[in-house]
Amino acid sequence: MKKNNHDGTGENGVMLYALSTCGWCRKTKTLLGELGVGFNHVDVDLISGAERKRIMDEVKRWNPDCTFPTLVIGNQKCIVGYQEAEIRKALGK
Amino acid sequence: MSEVSLKQAAALRDRLSREAEAGGYHLNPDVEFTEDLASGLLVNEDRYGYRVCPCRLASGKKEADLDIICPCDYRDADLGQYGQCYCALYVSGEVLRGERQTRSIPERRPPVEVRERKAAGRGASGPAGALPTTVWRCRVCGYLCARDEPPEVCPICKAGKERFERFM
């Protein structure tokens with residue numbers, strides 16, 4: 001599942017900012033997949049230059065520490081880290 | 001992660017586990033999870049030339065990323081507080097015995113502004129005084145040694161020479 005929309009609203013309003021090498025990001029991607037939630041995601045380590053800066057500005061707005069995974073739901077709720085129970089609850093699953 | 005084979009990741013995981021046990025540390029017993037992390041370390045080594053934590057975003061400038069080269073400067077404090085390091089490659093005995101679970105923990109690394117300020121004032125962090133020999137401190141595990149230069153590799157945690165700071 002590749003990035004295709006960076007506005008944080010995306011399909012079903014779920015946007016995941018992740019790193020391609022990170023174990024907790026991978027678990028989050030797997031969970032969203034298992035829950036059958038359509039989501040957009042971007043692996044920030046795979047982009048560079050102005051694109052990375054633009055995406056990191058977005059991440060910072062939601063999560064000032066700029067850590068990964070950062071999950072934004074419905075353009076209003078932000079969950080930092082792989083928090084399974086919290087993610088399930090926020091998605092009503 | 002096509003450039004790193006599963007075999008390479010498994011071999012690195014095994015080596016890190018042996019080194020960890022020899023130094024009194026433990027690797028996470030979840031083999032699949034740690035092989036993925038080992039794979040991430042190898043990807044980062046290819047990409048940047050050093051093994052940055054797979055769960056943190058590297059700047060690509062070694063000087064600025066030194067503190068997050070695995071094992072990171074924050075591992076031991078996180079092992080003490082949470083029973084695991086940030087990415088959960090390393091775990092405490094409690095986790096190893098199944099008495100505690102790993103999870104996503106808060107980031108201990110200070111924000112970039114704080115790190116830059118600290119780097120600007122880098123020097124002896126311990127008490128000052130006239131000593132016959134310089135004392136060097138490993139920023140990863142706290143190992144201290146009195147000698148003219150830090151060792152090439154920390155004999156306790158295997159961190160590189162550049163991870164030492166002047167202590168006294």
# chains A, B, ... in the order shown; residues from 1 in each chain; ligands from 1

$ residues_around --residues "Asp14 of chain B" --least-positions-apart "5" --cutoff "12 Å" --atoms "only C-alpha atoms" --output "MDAnalysis selection string"
chainID B and resid 7:9 19:21 26:29 31 34:35 38

$ interface_residues --of "chain A" --to "chain B" --cutoff "10 Å" --atoms "only C-alpha atoms" --output "ChimeraX atom specification"
/A:18-27,44-45,64-69,80-84

$ write_last_selection --atoms "N, CA and C atoms" --output "PDB file, in the first residue's frame"
ATOM      1  N   ALA A  18       4.870   6.660   8.714  1.00  0.00           N
ATOM      2  CA  ALA A  18       5.645   5.510   9.197  1.00  0.00           C
ATOM      3  C   ALA A  18       7.071   5.533   8.671  1.00  0.00           C
ATOM      4  N   LEU A  19       7.847   4.554   9.147  1.00  0.00           N
ATOM      5  CA  LEU A  19       9.176   4.298   8.598  1.00  0.00           C
ATOM      6  C   LEU A  19       9.167   2.875   8.036  1.00  0.00           C
ATOM      7  N   SER A  20       9.808   2.669   6.897  1.00  0.00           N
ATOM      8  CA  SER A  20       9.764   1.354   6.243  1.00  0.00           C
ATOM      9  C   SER A  20      10.512   0.298   7.051  1.00  0.00           C
ATOM     10  N   THR A  21      11.452   0.734   7.925  1.00  0.00           N
ATOM     11  CA  THR A  21      12.297  -0.218   8.654  1.00  0.00           C
ATOM     12  C   THR A  21      11.793  -0.519  10.064  1.00  0.00           C
ATOM     13  N   CYS A  22      10.747   0.169  10.498  1.00  0.00           N
ATOM     14  CA  CYS A  22      10.349   0.147  11.915  1.00  0.00           C
ATOM     15  C   CYS A  22       9.377  -0.991  12.241  1.00  0.00           C
ATOM     16  N   GLY A  23       9.697  -1.734  13.300  1.00  0.00           N
ATOM     17  CA  GLY A  23       8.870  -2.869  13.714  1.00  0.00           C
ATOM     18  C   GLY A  23       7.492  -2.460  14.187  1.00  0.00           C
ATOM     19  N   TRP A  24       7.411  -1.345  14.935  1.00  0.00           N
ATOM     20  CA  TRP A  24       6.111  -0.890  15.452  1.00  0.00           C
ATOM     21  C   TRP A  24       5.247  -0.332  14.331  1.00  0.00           C
ATOM     22  N   CYS A  25       5.895   0.295  13.341  1.00  0.00           N
ATOM     23  CA  CYS A  25       5.140   0.779  12.167  1.00  0.00           C
ATOM     24  C   CYS A  25       4.570  -0.414  11.401  1.00  0.00           C
ATOM     25  N   ARG A  26       5.378  -1.463  11.277  1.00  0.00           N
ATOM     26  CA  ARG A  26       4.919  -2.652  10.556  1.00  0.00           C
ATOM     27  C   ARG A  26       3.713  -3.265  11.261  1.00  0.00           C
ATOM     28  N   LYS A  27       3.785  -3.339  12.584  1.00  0.00           N
ATOM     29  CA  LYS A  27       2.656  -3.898  13.344  1.00  0.00           C
ATOM     30  C   LYS A  27       1.399  -3.055  13.135  1.00  0.00           C
ATOM     31  N   VAL A  44       8.311   7.780   5.632  1.00  0.00           N
ATOM     32  CA  VAL A  44       9.037   9.048   5.539  1.00  0.00           C
ATOM     33  C   VAL A  44      10.530   8.842   5.236  1.00  0.00           C
ATOM     34  N   ASP A  45      11.071   7.667   5.621  1.00  0.00           N
ATOM     35  CA  ASP A  45      12.497   7.417   5.332  1.00  0.00           C
ATOM     36  C   ASP A  45      12.747   7.201   3.839  1.00  0.00           C
ATOM     37  N   PRO A  64       4.322  16.739  17.856  1.00  0.00           N
ATOM     38  CA  PRO A  64       5.494  17.629  17.875  1.00  0.00           C
ATOM     39  C   PRO A  64       6.818  16.878  18.057  1.00  0.00           C
ATOM     40  N   ASP A  65       6.775  15.666  18.648  1.00  0.00           N
ATOM     41  CA  ASP A  65       8.008  14.893  18.821  1.00  0.00           C
ATOM     42  C   ASP A  65       8.469  14.260  17.502  1.00  0.00           C
ATOM     43  N   CYS A  66       7.578  14.241  16.501  1.00  0.00           N
ATOM     44  CA  CYS A  66       7.922  13.677  15.187  1.00  0.00           C
ATOM     45  C   CYS A  66       8.438  12.237  15.276  1.00  0.00           C
ATOM     46  N   THR A  67       7.725  11.400  16.025  1.00  0.00           N
ATOM     47  CA  THR A  67       8.111   9.996  16.139  1.00  0.00           C
ATOM     48  C   THR A  67       7.153   9.148  15.301  1.00  0.00           C
ATOM     49  N   PHE A  68       7.546   7.872  15.126  1.00  0.00           N
ATOM     50  CA  PHE A  68       6.767   6.989  14.258  1.00  0.00           C
ATOM     51  C   PHE A  68       6.429   5.681  14.966  1.00  0.00           C
ATOM     52  N   PRO A  69       5.285   5.080  14.671  1.00  0.00           N
ATOM     53  CA  PRO A  69       4.248   5.550  13.767  1.00  0.00           C
ATOM     54  C   PRO A  69       3.399   6.669  14.375  1.00  0.00           C
ATOM     55  N   VAL A  80      -0.015   8.109  18.693  1.00  0.00           N
ATOM     56  CA  VAL A  80       1.429   7.957  18.496  1.00  0.00           C
ATOM     57  C   VAL A  80       1.873   6.601  19.022  1.00  0.00           C
ATOM     58  N   GLY A  81       2.598   5.866  18.204  1.00  0.00           N
ATOM     59  CA  GLY A  81       3.077   4.539  18.606  1.00  0.00           C
ATOM     60  C   GLY A  81       2.040   3.478  18.259  1.00  0.00           C
ATOM     61  N   TYR A  82       2.457   2.213  18.422  1.00  0.00           N
ATOM     62  CA  TYR A  82       1.543   1.107  18.148  1.00  0.00           C
ATOM     63  C   TYR A  82       0.722   0.862  19.404  1.00  0.00           C
ATOM     64  N   GLN A  83      -0.472   1.454  19.467  1.00  0.00           N
ATOM     65  CA  GLN A  83      -1.343   1.338  20.637  1.00  0.00           C
ATOM     66  C   GLN A  83      -2.581   0.584  20.179  1.00  0.00           C
ATOM     67  N   GLU A  84      -2.512  -0.746  20.224  1.00  0.00           N
ATOM     68  CA  GLU A  84      -3.558  -1.564  19.600  1.00  0.00           C
ATOM     69  C   GLU A  84      -4.959  -1.243  20.120  1.00  0.00           C
TER      70      GLU A  84
END

$ select_by_dssp --residues "chain B" --states "strand (DSSP E)" --output "PyMOL selection string"
chain B and resi 26-27+90-91+135-138+144-146+164-166

$ write_last_selection --atoms "C-alpha atoms" --output "CSV table (one decimal), in the first residue's frame"
chain,number,residue,atom,x,y,z
B,26,HIS,CA,19.3,-9.8,26.0
B,27,LEU,CA,17.7,-9.7,22.6
B,90,TYR,CA,16.9,-5.3,23.5
B,91,VAL,CA,14.8,-6.4,26.4
B,135,VAL,CA,38.7,9.1,32.0
B,136,TRP,CA,36.5,8.2,29.1
B,137,ARG,CA,32.8,7.3,29.4
B,138,CYS,CA,30.8,5.1,27.0
B,144,LEU,CA,34.5,4.1,32.3
B,145,CYS,CA,38.2,3.7,31.5
B,146,ALA,CA,41.2,5.7,32.3
B,164,PHE,CA,32.8,7.8,24.1
B,165,GLU,CA,32.9,11.2,25.8
B,166,ARG,CA,35.5,12.7,28.1

$ select_by_dssp --residues "chain A" --states "alpha helix (DSSP H)" --output "ChimeraX atom specification"
/A:23-34,49-62,84-91

$ residues_around --residues "Met15 of chain A" --least-positions-apart "6" --cutoff "6 Å" --atoms "only C-alpha atoms" --output "ChimeraX atom specification"
/A:8,39-41,71-72

$ residues_around --residues "Leu35 of chain A" --least-positions-apart "2" --cutoff "9 Å" --atoms "only C-alpha atoms" --output "PDB file with N, CA and C atoms, in the first residue's frame"
ATOM      1  N   THR A  30      -0.036  -3.814   9.736  1.00  0.00           N
ATOM      2  CA  THR A  30      -0.678  -5.131   9.756  1.00  0.00           C
ATOM      3  C   THR A  30      -2.033  -5.055  10.446  1.00  0.00           C
ATOM      4  N   LEU A  31      -2.082  -4.348  11.595  1.00  0.00           N
ATOM      5  CA  LEU A  31      -3.342  -4.229  12.334  1.00  0.00           C
ATOM      6  C   LEU A  31      -4.413  -3.551  11.475  1.00  0.00           C
ATOM      7  N   LEU A  32      -4.048  -2.446  10.834  1.00  0.00           N
ATOM      8  CA  LEU A  32      -5.026  -1.724  10.004  1.00  0.00           C
ATOM      9  C   LEU A  32      -5.508  -2.620   8.873  1.00  0.00           C
ATOM     10  N   GLY A  33      -4.584  -3.417   8.329  1.00  0.00           N
ATOM     11  CA  GLY A  33      -4.953  -4.360   7.276  1.00  0.00           C
ATOM     12  C   GLY A  33      -5.935  -5.401   7.790  1.00  0.00           C
ATOM     13  N   VAL A  37      -9.380  -1.755   7.373  1.00  0.00           N
ATOM     14  CA  VAL A  37      -9.523  -0.304   7.282  1.00  0.00           C
ATOM     15  C   VAL A  37      -8.724   0.201   6.078  1.00  0.00           C
ATOM     16  N   GLY A  38      -9.375   0.913   5.201  1.00  0.00           N
ATOM     17  CA  GLY A  38      -8.638   1.536   4.106  1.00  0.00           C
ATOM     18  C   GLY A  38      -7.835   2.687   4.679  1.00  0.00           C
ATOM     19  N   ARG A  88      -7.991   0.373  17.908  1.00  0.00           N
ATOM     20  CA  ARG A  88      -9.274  -0.342  17.706  1.00  0.00           C
ATOM     21  C   ARG A  88     -10.457   0.516  18.148  1.00  0.00           C
ATOM     22  N   LEU A  91     -11.241   3.444  15.911  1.00  0.00           N
ATOM     23  CA  LEU A  91     -11.819   3.034  14.628  1.00  0.00           C
ATOM     24  C   LEU A  91     -13.139   2.295  14.802  1.00  0.00           C
ATOM     25  N   LYS A  93     -13.586  -0.661  16.121  1.00  0.00           N
ATOM     26  CA  LYS A  93     -13.444  -2.088  15.707  1.00  0.00           C
ATOM     27  C   LYS A  93     -13.248  -3.006  16.911  1.00  0.00           C
TER      28      LYS A  93
END

$ closest_residue --among "B:Arg147, B:Lys118, B:Arg51, B:Lys158" --to "Tyr25 of chain B" --atoms "only C-alpha atoms"
B:Lys158

$ atom_distance --atom1 "atom CA of Arg100 of chain B" --atom2 "atom CA of Gly83 of chain B"
7.6 Å

$ residues_around --residues "segment 76-81 of chain B" --least-positions-apart "3" --cutoff "8 Å" --atoms "only C-alpha atoms" --output "number ranges by chain"
B: 73, 84-86, 90-92, 108, 140-141

$ atom_distance --atom1 "atom CA of Asp43 of chain A" --atom2 "atom CA of Val4 of chain B"
17.7 Å

$ atom_distance --atom1 "atom CA of Arg15 of chain B" --atom2 "atom CA of Asp67 of chain B"
21.7 Å

$ residues_around --residues "Glu152 of chain B" --least-positions-apart "2" --cutoff "10 Å" --atoms "only C-alpha atoms" --output "list of chain:residue names"
B:Glu149, B:Pro150, B:Cys154, B:Pro155, B:Lys158, B:Ala159, B:Gly160, B:Lys161, B:Glu162, B:Arg163, B:Phe164

$ residues_around --residues "Ala90 of chain A" --least-positions-apart "4" --cutoff "9 Å" --atoms "only C-alpha atoms" --output "PyMOL selection string"
chain A and resi 73+77+85-86
